[in-house]
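Just below is one structure, and these are the notes that go with it.
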Amino acid sequence: MISFIVRLLVTGLAVWVAAQIVGGIDLADGQTSEMLVTLLGVTLIFTVVNMLVKPLVQLLSLPLLILSLGLFAFVINALMLMLTSWLAEQLNLAFSVDGFGPALLGALIITFVTWLLYLLLPRD
C-alpha cells in the first residue's frame, strides 16, 4: 500500500512538472485546492491507464518496440498521456493536452522526472 502511495506521489509530481514546462499541457490554474484536486484526479487516471492499458498496447506494438530499439515506448507514453487527458475531460477535470507534440514532450519529461525521483528515493 505504501509503494502505491509513493508511486502516486511521484507520478503526481512528474505530471505537475510536465504541466509547468510544456506549453501544450494545461492543468487547472485556479486556486491551489482546485489544482490539487485536479492533479490528484489526473494522477489516479494516469496511474490506472499505465497499469491497465499500457501493457496491452506494449504487447500489441512489440514488433515496433523491437525495430525502434525501444524508442517507440515514448510514443506509447505520449498516447497514454493523451488518453489520460481525454478521460480527465470526460470527468470534468481541468487537464488537457493540446496534441501529439506536447504529449510526446510531456511524456519525456514525466519519464525523466519519475526516473530521477525513484533514483533519489531510498529502496526498501
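Going by the C-alpha cells order, chains are called A, B, ..., each with residues numbered from 1, while ligands are numbered from 1 in the order shown.
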
- prompt: What's the 10 Å shell around Val57 of chain A, counting only C-alpha atoms, without same-chain residues fewer than 5 positions away, as a VMD selection string?
  reply: chain A and resid 50 52 62 73 76 79 to 80

Writing out the chosen residues with N, CA and C atoms as a PDB file, in the first residue's frame:
```
ATOM      1  N   ASN A  50      -1.723   3.557 -16.996  1.00  0.00           N
ATOM      2  CA  ASN A  50      -0.416   2.919 -17.141  1.00  0.00           C
ATOM      3  C   ASN A  50      -0.399   1.489 -16.609  1.00  0.00           C
ATOM      4  N   LEU A  52      -3.200  -0.608 -16.563  1.00  0.00           N
ATOM      5  CA  LEU A  52      -4.128  -1.478 -17.268  1.00  0.00           C
ATOM      6  C   LEU A  52      -3.993  -1.434 -18.784  1.00  0.00           C
ATOM      7  N   LEU A  62       4.767  -4.745 -29.896  1.00  0.00           N
ATOM      8  CA  LEU A  62       6.082  -5.338 -29.648  1.00  0.00           C
ATOM      9  C   LEU A  62       7.001  -5.315 -30.876  1.00  0.00           C
ATOM     10  N   ALA A  73       8.545   3.298 -27.242  1.00  0.00           N
ATOM     11  CA  ALA A  73       7.943   3.390 -25.903  1.00  0.00           C
ATOM     12  C   ALA A  73       7.573   4.837 -25.577  1.00  0.00           C
ATOM     13  N   ILE A  76       4.264   5.438 -27.109  1.00  0.00           N
ATOM     14  CA  ILE A  76       3.226   4.799 -26.287  1.00  0.00           C
ATOM     15  C   ILE A  76       2.940   5.652 -25.059  1.00  0.00           C
ATOM     16  N   LEU A  79       0.815   8.545 -26.043  1.00  0.00           N
ATOM     17  CA  LEU A  79      -0.574   8.124 -26.253  1.00  0.00           C
ATOM     18  C   LEU A  79      -1.297   7.901 -24.926  1.00  0.00           C
ATOM     19  N   MET A  80      -0.586   7.377 -23.935  1.00  0.00           N
ATOM     20  CA  MET A  80      -1.203   7.180 -22.612  1.00  0.00           C
ATOM     21  C   MET A  80      -1.519   8.531 -21.963  1.00  0.00           C
TER      22      MET A  80
END
```

message: Please list as a ChimeraX atom specification every residue within 8 Å of segment 15-24 of chain A, counting only C-alpha atoms and excluding residues in the same chain fewer than 4 positions away.
response: /A:11,39,43,96-99,102-103,105-107,109-110,113

Restricting it to C-alpha atoms, dump the selection as a tab-separated table (two decimals), in the first residue's frame.
```tsv
chain	number	residue	atom	x	y	z
A	11	THR	CA	3.63	10.41	-10.71
A	39	LEU	CA	-3.76	16.87	-10.01
A	43	THR	CA	-2.59	11.22	-11.23
A	96	SER	CA	-5.77	18.98	-21.28
A	97	VAL	CA	-3.05	18.03	-23.71
A	98	ASP	CA	-3.13	20.01	-26.96
A	99	GLY	CA	-1.92	17.43	-29.48
A	102	PRO	CA	3.09	18.38	-26.33
A	103	ALA	CA	2.09	14.84	-25.31
A	105	LEU	CA	7.43	16.19	-24.81
A	106	GLY	CA	5.32	15.77	-21.66
A	107	ALA	CA	5.86	12.01	-21.72
A	109	ILE	CA	9.57	14.92	-19.02
A	110	ILE	CA	7.32	12.65	-16.94
A	113	VAL	CA	11.27	13.17	-13.54
```

field: Which of A:Ala94, A:Ile45, A:Leu60, A:Leu65 sits closest to Leu81 of chain A [using only C-alpha atoms]
entry: A:Ile45

message: Env of Val37 of chain A: 9 Å cut, atoms = only C-alpha atoms, seq-sep filter 5 positions within chain, self excluded. Answer as a VMD selection string.
response: chain A and resid 32 42 93

message: Show me, as an NGL selection string, the residues that have an atom within 9 Å of Phe95 of chain A when counting only C-alpha atoms, minus same-chain residues fewer than 5 positions from it.
response: :A and (25-28 or 38-39 or 42 or 84-86 or 88-89)

What does the file look like for those residues with C-alpha atoms, as a PDB file, in the first residue's frame?
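After the write, out10.pdb holds the following:
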```
ATOM      1  CA  ILE A  25      -0.244  20.690 -21.257  1.00  0.00           C
ATOM      2  CA  ASP A  26      -2.710  22.659 -19.165  1.00  0.00           C
ATOM      3  CA  LEU A  27      -3.513  21.973 -15.532  1.00  0.00           C
ATOM      4  CA  ALA A  28      -6.122  23.876 -13.503  1.00  0.00           C
ATOM      5  CA  THR A  38      -7.342  18.102 -10.394  1.00  0.00           C
ATOM      6  CA  LEU A  39      -3.764  16.872 -10.006  1.00  0.00           C
ATOM      7  CA  VAL A  42      -5.227  13.155 -13.171  1.00  0.00           C
ATOM      8  CA  THR A  84      -5.434  10.447 -19.664  1.00  0.00           C
ATOM      9  CA  SER A  85      -6.300  13.912 -20.972  1.00  0.00           C
ATOM     10  CA  TRP A  86      -9.396  12.587 -22.739  1.00  0.00           C
ATOM     11  CA  ALA A  88      -9.922  13.740 -17.444  1.00  0.00           C
ATOM     12  CA  GLU A  89     -12.047  15.891 -19.757  1.00  0.00           C
TER      13      GLU A  89
END
```

task: Figure out the distance between atom CA of Met1 of chain A and atom CA of Leu83 of chain A, please, to one decimal in Å.
output: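 These two atoms are separated by 25.6 Å.
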
task: Using only C-alpha atoms, determine which residues lie at most 12 Å from Ser61 of chain A, disregarding the query and same-chain residues fewer than 4 positions distant; provide the list as a list in words.
output: Lys54, Pro55, Leu56, Val57, Leu65, Ile66, Leu67, Ser68, Gly70, Leu71, Phe72, Ala73, Val75 and Ile76 of chain A

- request: Could you give me the residues within chain A that DSSP places in helix (DSSP H, G or I), as a PyMOL selection string?
  value: chain A and resi 2-21+32-60+62-67+72-90+100-120

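Residues lying within 10 Å of Leu8 of chain A, counting only C-alpha atoms and ignoring same-chain neighbours fewer than 2 positions away, are Ile2, Ser3, Phe4, Ile5, Val6, Val10, Thr11, Gly12, Leu13, Ala14, Leu40, Thr43, Leu44, Phe46 and Thr47 of chain A.
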